[in-house]
Structures are given as structure tokens and as C-alpha cells.
Amino acid sequence: MSWQDLIETGADRRILPWIGGSVRHDSQVWALQHRPREHGWYRFELKGRKALSWQVELPDNEVLKDRQRGYLVGNRLVPDGVEVSTDPANIAASAERVYLLADDLDRFARVVAGRAWDEGPLVFVEEDFPLGPETDVLHAFEDRFDSLQTVAGVTPGLEAAWRMEVWRRAEADKRRAELAEQLRLEAEAVLLEARRREIRNTLGDGAGRRELALQDFEAGARAALTVAGAEYLSHRKAGRRNEYIVKYRLAGSRYECTCDRALHIIDAGICLQDHDTGVKGDTRFTLESLPAVVREADRTGKLVVWRHG
């Protein structure tokens, strides 16, 4: 664009990240006339204090400053030099959410993030070069090592990321075992034919949606998320039998969770501990109730998202 174009239109066009609310860069703020459906990079047409229009664009990382480096734990950046704690809550408190993450980042990815304005949220810039021990730490995680004592060159940030991932996996295993026990007790308490009659009589409620999911998982998941005010995007089989990873959109962001064929949540994809969401883990948690927890955690600034289904 030339300076003559700017004079003719009276507008300024910039590629900026949008993660909700107004459009911001440095000390400037513009009100959006029409909001995009989800967070991302856009070319905004700016005039006065308004953003008149937008279109999807590739990132322009030059607008991001205050660069920080560290390791991803879900959607949080564990910065280099963080103090390693045995309590995952302390590690989470020192980690900051990163927006607009690339989809292909692996576990223990080392990344760079920056800010579009002073004290603004971190936005993903690029994947950083590994320091060396990341592959060995990944193998230690996959082999379920109790510590990283045998891995040389582990930095505080990498060890903190490893501790958080180990804790997340343990929580998922615990919920899976609790759910299996609950289902076993239900099978003993209720005759199969009686359950089928009850579900047929209540097809429009939660039980009906779960029966629908047993016959057509996509239809059941789509119905459950619609009731919760979220949008179903896709699903795929998880690593265990009769478990699915469901991707959905809520309030401009995409999330993933793992549930069984009856829509019981196994891994919510977010932290469900009291110190993060105010909601205790519950094996009765379903796909209908999960979006409300995500929405409340995001509103209070305590949303910790596990990106690894």
C-alpha cells in the first residue's frame, strides 16, 4: 500500500492478532464493528478508533515484543529459570497462557511468545530450537520414569513442564479408573432391559443423548455440545477402546476433550482442580456440562488447557 492509498481511504491497514475484545497494538485501541468467529491473525482496516473490517492473514510476528522463551504445558508457557516445585499448582501459577498456538506443537515443545502491547497476553511467535535433553525427557515421560535424575542437562523450565505433564496423566488415569468402577456398579444395579425402556421414555434428555451416542457418536456429541452452547467440530478415536477425542469451539477458541461412547468425560482437556476452576473432579461429568466449566474458568482467568488429547 502506498501513502496515496491511505490519503484516499483515510484508513490504516494492519495485520494484528485478535484474541477477543477490542483490537489493540502498543497504546492504540480500536473497537470492532464485526467480530471474527474465532481468535487469530487478521488484516484490519482501521479508521479513527474503529476497526471497520477484517480478513484472515498469516501472522506478522514483527508486531510482537517483550519476547519470552520456555516450554509449553498445555497452553501455558513455563518460562526459563522457573523455580521447580513438587506442587503442580505452584508451577501453574508461574506459567502464563499463550494464545494462537500452532496446531503441530509436540509435547515439551520449546517456544517463543510475545505481546502486542505492554502487559498484554502472550501470543505465539515460533517454535524455538531445543536445548538438547528434550527427546530424553519425552522418553522418560513415555516410559513413566519417577524422576529425571538419569537425564543430563535438564533445565528448570523443562523439569517443571515434565512434572506438570506427569501430574496431568495421573489425573486422567485416576478419572478413568473411577469411571470404570462407577459403570461396573451401575451394571450390577440396573437390569439392561429396564435401562433400555427408561432411555426410550426419556429420549430428549441427557440419558437419551447418551443412548444416541452409543448408536451414532457424532450425533450424540453434537447434540450434547449444542445444549451446552458450544459448537461440535470433529471427533476421532482415542488410544483406548470406546474412547473418543472430541474437538469443539466455545467463545472463539477451540478445545479438545476425551470421553467414552456414553459421553462421560475421561480427560476434560482442562484442569478441573479446585485451585483452577472451582469445580471438583466428578465421574458424573458429561459433555453437556463441560463447556460451562471452560467458560467460567476463562472468565476468571484460570483456564489451563491440556492440548494433548
# chains A, B, ... in the order shown; residues from 1 in each chain; ligands from 1

call {"tool": "select_by_dssp", "arguments": {"residues": "stretch 58-127 of chain A", "states": "strand (DSSP E)", "output": "list in words"}}
result
Lys65, Asp66, Arg67, Gln68, Arg69, Gly70, Tyr71, Leu72, Val73, Arg76, Leu77, Val78, Pro79, Glu96, Arg97, Val98, Tyr99, Arg110, Val111, Val112, Ala113, Gly114, Arg115, Leu122, Val123, Phe124, Val125, Glu126 and Glu127 of chain A

call {"tool": "closest_atom_pairs", "arguments": {"of": "stretch 213-281 of chain A", "to": "stretch 286-296 of chain A", "cutoff": "10 Å", "atoms": "only C-alpha atoms", "output": "JSON lines"}}
result
{"residue": "A:Gly220", "atom": "CA", "partner": "A:Leu287", "partner_atom": "CA", "distance": 9.7}
{"residue": "A:Ala221", "atom": "CA", "partner": "A:Leu287", "partner_atom": "CA", "distance": 7.3}
{"residue": "A:Arg222", "atom": "CA", "partner": "A:Leu287", "partner_atom": "CA", "distance": 9.6}
{"residue": "A:Ala223", "atom": "CA", "partner": "A:Glu288", "partner_atom": "CA", "distance": 8.6}
{"residue": "A:Ala224", "atom": "CA", "partner": "A:Glu288", "partner_atom": "CA", "distance": 4.9}
{"residue": "A:Leu225", "atom": "CA", "partner": "A:Glu288", "partner_atom": "CA", "distance": 5.7}
{"residue": "A:Thr226", "atom": "CA", "partner": "A:Glu288", "partner_atom": "CA", "distance": 8.2}
{"residue": "A:Val227", "atom": "CA", "partner": "A:Glu288", "partner_atom": "CA", "distance": 6.5}
{"residue": "A:Ala228", "atom": "CA", "partner": "A:Glu288", "partner_atom": "CA", "distance": 5.3}
{"residue": "A:Gly229", "atom": "CA", "partner": "A:Pro291", "partner_atom": "CA", "distance": 7.4}
{"residue": "A:Ala230", "atom": "CA", "partner": "A:Pro291", "partner_atom": "CA", "distance": 6.6}
{"residue": "A:Glu231", "atom": "CA", "partner": "A:Pro291", "partner_atom": "CA", "distance": 9.9}
{"residue": "A:Val246", "atom": "CA", "partner": "A:Leu287", "partner_atom": "CA", "distance": 9.3}
{"residue": "A:Tyr248", "atom": "CA", "partner": "A:Pro291", "partner_atom": "CA", "distance": 9.3}
{"residue": "A:Arg249", "atom": "CA", "partner": "A:Pro291", "partner_atom": "CA", "distance": 9.3}
{"residue": "A:Leu250", "atom": "CA", "partner": "A:Pro291", "partner_atom": "CA", "distance": 7.2}
{"residue": "A:Ala251", "atom": "CA", "partner": "A:Arg295", "partner_atom": "CA", "distance": 7.7}
{"residue": "A:Tyr255", "atom": "CA", "partner": "A:Val294", "partner_atom": "CA", "distance": 9.1}
{"residue": "A:Cys257", "atom": "CA", "partner": "A:Leu287", "partner_atom": "CA", "distance": 8.7}
{"residue": "A:Thr258", "atom": "CA", "partner": "A:Leu287", "partner_atom": "CA", "distance": 9.3}
{"residue": "A:Cys259", "atom": "CA", "partner": "A:Leu287", "partner_atom": "CA", "distance": 7.6}
{"residue": "A:Asp260", "atom": "CA", "partner": "A:Thr286", "partner_atom": "CA", "distance": 9.6}
{"residue": "A:Ala262", "atom": "CA", "partner": "A:Thr286", "partner_atom": "CA", "distance": 8.6}
{"residue": "A:Leu263", "atom": "CA", "partner": "A:Leu287", "partner_atom": "CA", "distance": 5.6}
{"residue": "A:His264", "atom": "CA", "partner": "A:Thr286", "partner_atom": "CA", "distance": 4.5}
{"residue": "A:Ile265", "atom": "CA", "partner": "A:Thr286", "partner_atom": "CA", "distance": 5.2}
{"residue": "A:Ile266", "atom": "CA", "partner": "A:Thr286", "partner_atom": "CA", "distance": 8.9}
{"residue": "A:Ala268", "atom": "CA", "partner": "A:Leu290", "partner_atom": "CA", "distance": 7.3}
{"residue": "A:Gly269", "atom": "CA", "partner": "A:Val294", "partner_atom": "CA", "distance": 9.5}
{"residue": "A:Ile270", "atom": "CA", "partner": "A:Val294", "partner_atom": "CA", "distance": 7.5}
{"residue": "A:Cys271", "atom": "CA", "partner": "A:Val294", "partner_atom": "CA", "distance": 9.4}
{"residue": "A:Leu272", "atom": "CA", "partner": "A:Val293", "partner_atom": "CA", "distance": 8.5}
{"residue": "A:Thr277", "atom": "CA", "partner": "A:Val293", "partner_atom": "CA", "distance": 7.0}
{"residue": "A:Gly278", "atom": "CA", "partner": "A:Val293", "partner_atom": "CA", "distance": 8.7}
{"residue": "A:Val279", "atom": "CA", "partner": "A:Val293", "partner_atom": "CA", "distance": 7.5}

call {"tool": "residues_around", "arguments": {"residues": "stretch 111-125 of chain A", "least_positions_apart": "4", "cutoff": "7 Å", "atoms": "only C-alpha atoms", "output": "list in words"}}
result
His25, Asp26, Ser27, Asn61, Val63, Leu64, Lys65, Asp66, Arg67, Gln68, Arg69, Gly70, Tyr71, Arg97, Val98, Tyr99, Leu100 and Leu101 of chain A

call {"tool": "write_last_selection", "arguments": {"atoms": "N, CA and C atoms", "output": "compact mmCIF listing (two decimals), in the first residue's frame"}}
result
# COMPACT_ATOMS: atom_id res chain seq x y z
N HIS A 25 -2.84 -2.58 19.72
CA HIS A 25 -1.42 -2.65 19.38
C HIS A 25 -0.72 -1.46 20.02
N ASP A 26 0.35 -1.75 20.76
CA ASP A 26 1.04 -0.72 21.54
C ASP A 26 0.01 0.01 22.41
N SER A 27 -0.07 1.31 22.30
CA SER A 27 -1.01 2.07 23.13
C SER A 27 -2.33 2.36 22.42
N ASN A 61 4.74 -11.49 12.97
CA ASN A 61 5.35 -11.55 14.30
C ASN A 61 6.15 -10.31 14.65
N VAL A 63 5.08 -7.44 15.02
CA VAL A 63 4.32 -6.55 15.91
C VAL A 63 4.37 -7.02 17.36
N LEU A 64 4.96 -8.19 17.60
CA LEU A 64 5.03 -8.74 18.95
C LEU A 64 6.37 -8.41 19.60
N LYS A 65 6.32 -7.91 20.82
CA LYS A 65 7.54 -7.54 21.54
C LYS A 65 7.55 -8.25 22.89
N ASP A 66 8.50 -7.86 23.75
CA ASP A 66 8.65 -8.49 25.07
C ASP A 66 8.69 -10.01 24.91
N ARG A 67 9.60 -10.49 24.06
CA ARG A 67 9.69 -11.92 23.74
C ARG A 67 10.10 -12.73 24.98
N GLN A 68 9.44 -13.88 25.14
CA GLN A 68 9.76 -14.80 26.23
C GLN A 68 9.93 -16.20 25.67
N ARG A 69 10.83 -16.96 26.31
CA ARG A 69 11.12 -18.33 25.88
C ARG A 69 10.83 -19.30 27.02
N GLY A 70 10.45 -20.48 26.65
CA GLY A 70 10.19 -21.50 27.66
C GLY A 70 9.53 -22.71 27.03
N TYR A 71 8.95 -23.57 27.88
CA TYR A 71 8.33 -24.82 27.43
C TYR A 71 6.82 -24.75 27.61
N ARG A 97 -0.62 -18.08 30.08
CA ARG A 97 -1.31 -18.60 28.90
C ARG A 97 -0.74 -17.99 27.62
N VAL A 98 -0.64 -18.82 26.59
CA VAL A 98 -0.17 -18.38 25.27
C VAL A 98 -1.31 -18.57 24.27
N TYR A 99 -1.61 -17.53 23.51
CA TYR A 99 -2.70 -17.57 22.53
C TYR A 99 -2.15 -17.88 21.13
N LEU A 100 -3.05 -18.38 20.28
CA LEU A 100 -2.79 -18.61 18.86
C LEU A 100 -1.63 -19.58 18.64
N LEU A 101 -1.63 -20.66 19.41
CA LEU A 101 -0.59 -21.68 19.28
C LEU A 101 -0.73 -22.43 17.96

call {"tool": "residues_around", "arguments": {"residues": "stretch 43-46 of chain A", "least_positions_apart": "2", "cutoff": "12 Å", "atoms": "only C-alpha atoms", "output": "NGL selection string"}}
result
:A and (6 or 9-18 or 22-25 or 28-36 or 40-41 or 48-60)

call {"tool": "write_last_selection", "arguments": {"atoms": "N, CA and C atoms", "output": "mmCIF file, in the first residue's frame"}}
result
data_model
loop_
_atom_site.group_PDB
_atom_site.id
_atom_site.type_symbol
_atom_site.label_atom_id
_atom_site.label_comp_id
_atom_site.auth_asym_id
_atom_site.auth_seq_id
_atom_site.Cartn_x
_atom_site.Cartn_y
_atom_site.Cartn_z
ATOM 1 N N LEU A 6 -3.610 5.575 1.484
ATOM 2 C CA LEU A 6 -4.041 5.948 2.828
ATOM 3 C C LEU A 6 -4.769 7.287 2.820
ATOM 4 N N THR A 9 -8.413 6.710 1.289
ATOM 5 C CA THR A 9 -9.388 5.983 2.100
ATOM 6 C C THR A 9 -9.514 6.527 3.518
ATOM 7 N N GLY A 10 -8.498 7.203 3.995
ATOM 8 C CA GLY A 10 -8.492 7.665 5.385
ATOM 9 C C GLY A 10 -8.381 6.529 6.364
ATOM 10 N N ALA A 11 -7.970 5.344 5.877
ATOM 11 C CA ALA A 11 -7.908 4.158 6.730
ATOM 12 C C ALA A 11 -6.481 3.632 6.808
ATOM 13 N N ASP A 12 -6.240 2.907 7.868
ATOM 14 C CA ASP A 12 -4.952 2.261 8.110
ATOM 15 C C ASP A 12 -5.189 0.765 8.116
ATOM 16 N N ARG A 13 -4.337 -0.008 7.441
ATOM 17 C CA ARG A 13 -4.497 -1.451 7.392
ATOM 18 C C ARG A 13 -3.305 -2.106 8.072
ATOM 19 N N ARG A 14 -3.608 -2.940 9.064
ATOM 20 C CA ARG A 14 -2.542 -3.597 9.810
ATOM 21 C C ARG A 14 -2.897 -5.053 10.058
ATOM 22 N N ILE A 15 -1.861 -5.888 10.083
ATOM 23 C CA ILE A 15 -2.024 -7.298 10.445
ATOM 24 C C ILE A 15 -1.727 -7.413 11.931
ATOM 25 N N LEU A 16 -2.746 -7.823 12.710
ATOM 26 C CA LEU A 16 -2.635 -7.870 14.163
ATOM 27 C C LEU A 16 -3.316 -9.139 14.698
ATOM 28 N N PRO A 17 -2.897 -9.597 15.867
ATOM 29 C CA PRO A 17 -3.594 -10.729 16.493
ATOM 30 C C PRO A 17 -4.865 -10.247 17.187
ATOM 31 N N TRP A 18 -5.916 -11.068 17.115
ATOM 32 C CA TRP A 18 -7.153 -10.759 17.850
ATOM 33 C C TRP A 18 -7.492 -11.943 18.726
ATOM 34 N N SER A 22 -11.439 -5.719 22.034
ATOM 35 C CA SER A 22 -11.041 -4.740 21.032
ATOM 36 C C SER A 22 -9.776 -5.177 20.311
ATOM 37 N N VAL A 23 -9.472 -4.489 19.233
ATOM 38 C CA VAL A 23 -8.193 -4.662 18.540
ATOM 39 C C VAL A 23 -7.184 -3.724 19.194
ATOM 40 N N ARG A 24 -5.999 -4.274 19.551
ATOM 41 C CA ARG A 24 -5.004 -3.461 20.256
ATOM 42 C C ARG A 24 -3.617 -3.680 19.680
ATOM 43 N N HIS A 25 -2.836 -2.577 19.724
ATOM 44 C CA HIS A 25 -1.417 -2.649 19.376
ATOM 45 C C HIS A 25 -0.720 -1.463 20.017
ATOM 46 N N GLN A 28 -2.519 1.843 21.203
ATOM 47 C CA GLN A 28 -3.710 2.139 20.405
ATOM 48 C C GLN A 28 -4.770 1.048 20.590
ATOM 49 N N VAL A 29 -6.037 1.486 20.572
ATOM 50 C CA VAL A 29 -7.165 0.576 20.741
ATOM 51 C C VAL A 29 -8.234 0.935 19.710
ATOM 52 N N TRP A 30 -8.791 -0.094 19.045
ATOM 53 C CA TRP A 30 -9.867 0.119 18.079
ATOM 54 C C TRP A 30 -11.047 -0.798 18.413
ATOM 55 N N ALA A 31 -12.245 -0.266 18.323
ATOM 56 C CA ALA A 31 -13.458 -1.054 18.570
ATOM 57 C C ALA A 31 -13.850 -1.796 17.294
ATOM 58 N N LEU A 32 -14.175 -3.071 17.418
ATOM 59 C CA LEU A 32 -14.550 -3.892 16.271
ATOM 60 C C LEU A 32 -16.023 -3.688 15.922
ATOM 61 N N GLN A 33 -16.316 -3.446 14.654
ATOM 62 C CA GLN A 33 -17.713 -3.381 14.231
ATOM 63 C C GLN A 33 -18.303 -4.780 14.044
ATOM 64 N N HIS A 34 -17.482 -5.713 13.542
ATOM 65 C CA HIS A 34 -17.925 -7.088 13.331
ATOM 66 C C HIS A 34 -16.815 -8.016 13.818
ATOM 67 N N ARG A 35 -17.152 -8.897 14.754
ATOM 68 C CA ARG A 35 -16.141 -9.766 15.348
ATOM 69 C C ARG A 35 -15.923 -11.024 14.504
ATOM 70 N N PRO A 36 -14.672 -11.483 14.396
ATOM 71 C CA PRO A 36 -14.414 -12.785 13.774
ATOM 72 C C PRO A 36 -15.011 -13.904 14.629
ATOM 73 N N GLY A 40 -7.451 -15.261 16.163
ATOM 74 C CA GLY A 40 -6.499 -15.498 15.086
ATOM 75 C C GLY A 40 -5.824 -14.220 14.645
ATOM 76 N N TRP A 41 -5.068 -14.314 13.566
ATOM 77 C CA TRP A 41 -4.400 -13.171 12.944
ATOM 78 C C TRP A 41 -5.290 -12.649 11.813
ATOM 79 N N GLY A 48 -9.914 5.978 12.502
ATOM 80 C CA GLY A 48 -10.224 6.612 13.773
ATOM 81 C C GLY A 48 -9.988 5.632 14.900
ATOM 82 N N ARG A 49 -11.023 5.391 15.686
ATOM 83 C CA ARG A 49 -10.938 4.425 16.778
ATOM 84 C C ARG A 49 -11.735 3.160 16.491
ATOM 85 N N LYS A 50 -12.023 2.913 15.211
ATOM 86 C CA LYS A 50 -12.820 1.754 14.853
ATOM 87 C C LYS A 50 -12.075 0.845 13.892
ATOM 88 N N ALA A 51 -12.329 -0.454 14.025
ATOM 89 C CA ALA A 51 -11.874 -1.449 13.068
ATOM 90 C C ALA A 51 -13.062 -1.769 12.167
ATOM 91 N N LEU A 52 -13.014 -1.280 10.925
ATOM 92 C CA LEU A 52 -14.181 -1.340 10.052
ATOM 93 C C LEU A 52 -14.397 -2.732 9.465
ATOM 94 N N SER A 53 -13.320 -3.439 9.158
ATOM 95 C CA SER A 53 -13.451 -4.758 8.551
ATOM 96 C C SER A 53 -12.205 -5.572 8.857
ATOM 97 N N TRP A 54 -12.274 -6.877 8.526
ATOM 98 C CA TRP A 54 -11.131 -7.754 8.772
ATOM 99 C C TRP A 54 -11.113 -8.874 7.752
ATOM 100 N N GLN A 55 -9.920 -9.450 7.573
ATOM 101 C CA GLN A 55 -9.789 -10.656 6.772
ATOM 102 C C GLN A 55 -8.634 -11.481 7.331
ATOM 103 N N VAL A 56 -8.738 -12.796 7.208
ATOM 104 C CA VAL A 56 -7.738 -13.702 7.771
ATOM 105 C C VAL A 56 -6.394 -13.475 7.091
ATOM 106 N N GLU A 57 -5.330 -13.459 7.891
ATOM 107 C CA GLU A 57 -3.985 -13.250 7.370
ATOM 108 C C GLU A 57 -2.988 -14.172 8.059
ATOM 109 N N LEU A 58 -1.827 -14.346 7.455
ATOM 110 C CA LEU A 58 -0.724 -15.037 8.103
ATOM 111 C C LEU A 58 -0.151 -14.146 9.200
ATOM 112 N N PRO A 59 0.449 -14.732 10.231
ATOM 113 C CA PRO A 59 0.976 -13.923 11.339
ATOM 114 C C PRO A 59 2.042 -12.939 10.888
ATOM 115 N N ASP A 60 2.040 -11.768 11.494
ATOM 116 C CA ASP A 60 3.109 -10.778 11.337
ATOM 117 C C ASP A 60 3.773 -10.639 12.699
#

call {"tool": "residues_around", "arguments": {"residues": "A:Lys247", "least_positions_apart": "2", "cutoff": "8 Å", "atoms": "only C-alpha atoms", "output": "number ranges by chain"}}
result
A: 232-235, 245, 249, 254-257

call {"tool": "residues_around", "arguments": {"residues": "stretch 154-166 of chain A", "least_positions_apart": "2", "cutoff": "6 Å", "atoms": "only C-alpha atoms", "output": "PyMOL selection string"}}
result
chain A and resi 73+78-82+84+88+152+168-169

call {"tool": "select_by_dssp", "arguments": {"residues": "stretch 3-165 of chain A", "states": "alpha helix (DSSP H)", "output": "MDAnalysis selection string"}}
result
chainID A and resid 3:9 88:94 134:142 156:165

call {"tool": "atom_distance", "arguments": {"atom1": "atom CA of A:Arg110", "atom2": "atom CA of A:Asp128"}}
result
5.2 Å

call {"tool": "closest_residue", "arguments": {"among": "A:Arg241, A:Arg37, A:Arg184, A:Arg107", "to": "A:Glu134", "atoms": "only C-alpha atoms"}}
result
A:Arg107

call {"tool": "closest_residue", "arguments": {"among": "A:Glu178, A:Glu218, A:Glu211, A:Asp87", "to": "A:Phe285", "atoms": "only C-alpha atoms"}}
result
A:Glu178

call {"tool": "atom_distance", "arguments": {"atom1": "atom CA of A:Asn242", "atom2": "atom CA of A:Arg261"}}
result
5.7 Å

call {"tool": "closest_residue", "arguments": {"among": "A:Glu181, A:Glu96, A:Glu62, A:Asp267", "to": "A:Val304", "atoms": "only C-alpha atoms"}}
result
A:Glu96

call {"tool": "residues_around", "arguments": {"residues": "A:Ala102", "least_positions_apart": "3", "cutoff": "9 Å", "atoms": "only C-alpha atoms", "output": "PyMOL selection string"}}
result
chain A and resi 105+124+126-127

call {"tool": "closest_residue", "arguments": {"among": "A:Glu38, A:Ala238, A:Glu243, A:Gln182", "to": "A:Leu214", "atoms": "only C-alpha atoms"}}
result
A:Glu243
